[in-house]
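Below is one structure, written out as structure tokens, with a few remarks after it.
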Amino acid sequence: MEKTTIKIYGYRWVVLGAFMMVNLAIQLLWISYAPITGQAAAFYGVSDLKIGLLSMLFMLAFIPLSIPVSWAIDTLGFRLTVGIGAALMGAFGIMRGLAGSNYALAFTATLGLASAQPFLLNAWTKVPALWFPAKERATAVGLVTLSNLTGTAAGMVLTPALATALTIPTLQFYYGIFSAACAAFFIIVARERPATPPGPDSGQVRSLMLAGLRHAFTVPSFRYYLIISFVGLGIFNGVTTWIEAIVRLRGFGPAEAGTLGAIMLVSGVAGAVILPALSDKCGKRKPFIGIGLALAIPGLVGLALASTFFLLCVSSALLGFFLTSIMPTGMQYASEVSRPTPEGTSNGLIQLFGQASVVFVWLMEALRGADGSFTNALFLACAMLGGSTILATRLKESQGDS
């Protein structure tokens, strides 16, 4: 039997870089209303909830689209599938900028953007599986997570600053142009796979999607991680969506809210790089998932109770570093523990459960106190993180590339 040639190509970083840019852009578009919720509500003449809905649309659209998109990634290839999503992102990003003060048109364009997001997020583990050796894959997923968080952080910081000098439609138009440029870059430079695989497991036959779905759900650890993903992404999306409203009653405005969101995300970038790299070096996933869940709780408590801006900054940094570091390590863990389920399928299921946590984003609004505070919702989130930490102890360590 002919031995498969194993080779690692430097071009993998170009492909990963282009993929990171489209993920950065879609997150910038997702979060660009959150730090100016009050200002945007006044501009469009709608309620805070309707502005929050522009963020929640991304999670709602994910639910019906995730499985079909995962099928496309595993069947048609990541280059074509992600390319379609990138093109949708660029087109609808520009359209939203052209919507003017018409909320209905901005809503329609946002729905188009939301439909593009699964095409980008569901390939997070597919690109590393095709281009990277096993010892680099959690790190590669961590870098994609870094770009995702950087896009969100940029939206948190830039939007309040730019909104003081630009109209909201002009701001959105500039973001749309940027997203279209990122999309064009990906379409030009991305390649499906290297000429030869980067590791022995890259050439292994994967199950067909439906068989892969069935197999994944037979693995207890995969099921447990689906629940953890639901909780973790629900809390992350909830806090980032409502950050301006969370701190408004404590006397802080859009600029401070944007700063807190950026601190959470910049520290998240650090966590998404450092902890997955340590996970790769140690060859372990389970301890890093449990540690991230447990140590995110103090940050969430601080966000609920802190009355000074300094303490809010410290709490945001703790929450960001530990909560977001779970994402890349956990996604790589899920793809390893569920083999031979295809990477696009396992990644899609994880993202699906995470985005289905839109119910928690809505619940946070529903649980607001009579004075508009989010304290009850944030303490519920603490309890959910505690339960997830206990559940993480039941995970079985994955076997990596064995």
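Each chain in the structure tokens gets a letter, A, B and so on, in the order shown; residues start at 1 in every chain, and ligands are counted from 1 in the order they appear.
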Excluding Ile350 (chain A) and residues on its chain fewer than 2 positions from it, collect all residues at most 8 Å away from it, counting only C-alpha atoms, and give them as a ChimeraX atom specification. /A:225-226,229,331,334,346-348,352-354
From a backbone DSSP assignment, name each residue in region 161-331 of chain A labelled alpha helix (DSSP H), as a PyMOL selection string. chain A and resi 161-162+168-189+209-218+220-248+254-282+286-305+309-331
Point-to-point distance from CA of Ala87 (chain A) to CA of Pro328 (chain A), Å rounded to tenths: 25.1 Å
Give me the residues of region 104-157 of chain A that have any atom at most 8 Å from an atom of region 29-46 of chain A; for each, the nearest atom pair and the distance in Å, rounded to one decimal. Use only C-alpha atoms, sort by chain and number, and format it as a Markdown table.
```
| residue | atom | partner | partner_atom | distance |
| --- | --- | --- | --- | --- |
| A:Leu113 | CA | A:Leu29 | CA | 7.9 |
| A:Ala114 | CA | A:Trp30 | CA | 7.9 |
| A:Thr152 | CA | A:Ile31 | CA | 6.0 |
| A:Gly155 | CA | A:Ser32 | CA | 5.1 |
| A:Met156 | CA | A:Pro35 | CA | 5.8 |
```
Near region 65-75 of chain A, within 7 Å and counting only C-alpha atoms, which residues show up once chain neighbours fewer than 6 positions away are dropped, as a ChimeraX atom specification? /A:81,118-119,122-123,209,342,344-345,348,352
Dump of C-alpha atoms for the selected residues, as a JSON list (two decimals), in the first residue's frame:
```json
[["chain", "number", "residue", "atom", "x", "y", "z"],
["A", 81, "THR", "CA", -19.32, 27.55, 1.12],
["A", 118, "PRO", "CA", -23.30, 30.37, 9.68],
["A", 119, "PHE", "CA", -21.28, 30.04, 6.46],
["A", 122, "ASN", "CA", -19.35, 26.65, 11.00],
["A", 123, "ALA", "CA", -15.97, 26.19, 9.28],
["A", 209, "MET", "CA", -23.24, 13.95, 7.46],
["A", 342, "PRO", "CA", -17.01, 15.43, 9.91],
["A", 344, "GLY", "CA", -18.10, 20.85, 9.66],
["A", 345, "THR", "CA", -20.90, 18.79, 11.20],
["A", 348, "GLY", "CA", -22.05, 23.27, 13.16],
["A", 352, "LEU", "CA", -26.07, 25.79, 16.58]]
```
Within 12 Å of region 279-303 of chain A: each region 138-217 of chain A residue with its shortest pair, only C-alpha atoms, as CSV:
```
residue,atom,partner,partner_atom,distance
A:Ala138,CA,A:Asp280,CA,6.2
A:Thr139,CA,A:Asp280,CA,7.0
A:Ala140,CA,A:Asp280,CA,10.2
A:Val141,CA,A:Asp280,CA,11.0
A:Gly142,CA,A:Ser279,CA,10.6
```
Expected file contents, prior selection, N, CA and C atoms, as a CSV table (one decimal), in the first residue's frame:
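Once everything was written out, this is out.csv:
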```csv
chain,number,residue,atom,x,y,z
A,138,ALA,N,-5.8,23.3,17.8
A,138,ALA,CA,-6.5,24.2,18.8
A,138,ALA,C,-5.9,25.6,18.7
A,139,THR,N,-4.6,25.7,18.4
A,139,THR,CA,-4.1,27.1,18.3
A,139,THR,C,-4.7,27.8,17.1
A,140,ALA,N,-4.9,27.1,16.0
A,140,ALA,CA,-5.5,27.7,14.8
A,140,ALA,C,-6.9,28.1,15.0
A,141,VAL,N,-7.7,27.2,15.7
A,141,VAL,CA,-9.0,27.6,16.1
A,141,VAL,C,-9.0,28.8,17.0
A,142,GLY,N,-8.0,28.8,17.9
A,142,GLY,CA,-7.8,30.0,18.8
A,142,GLY,C,-7.6,31.3,18.1
```
When you count only C-alpha atoms, which of these residues is closest to Lys135 (chain A): A:Pro198, A:Gly268, A:Gly369, A:Gly253? A:Pro198
Proximity check region 84-138 of chain A to region 173-178 of chain A, 9 Å, nearest pairs one decimal Å, only C-alpha atoms, as a Markdown table:
```
| residue | atom | partner | partner_atom | distance |
| --- | --- | --- | --- | --- |
| A:Met89 | CA | A:Gly176 | CA | 8.1 |
| A:Gly90 | CA | A:Gly176 | CA | 6.1 |
| A:Ala91 | CA | A:Gly176 | CA | 7.6 |
| A:Phe92 | CA | A:Gly176 | CA | 7.5 |
| A:Gly93 | CA | A:Gly176 | CA | 3.9 |
| A:Ile94 | CA | A:Gly176 | CA | 4.2 |
| A:Met95 | CA | A:Phe173 | CA | 7.6 |
| A:Arg96 | CA | A:Phe173 | CA | 6.7 |
| A:Gly97 | CA | A:Phe173 | CA | 3.6 |
| A:Leu98 | CA | A:Phe173 | CA | 6.6 |
```
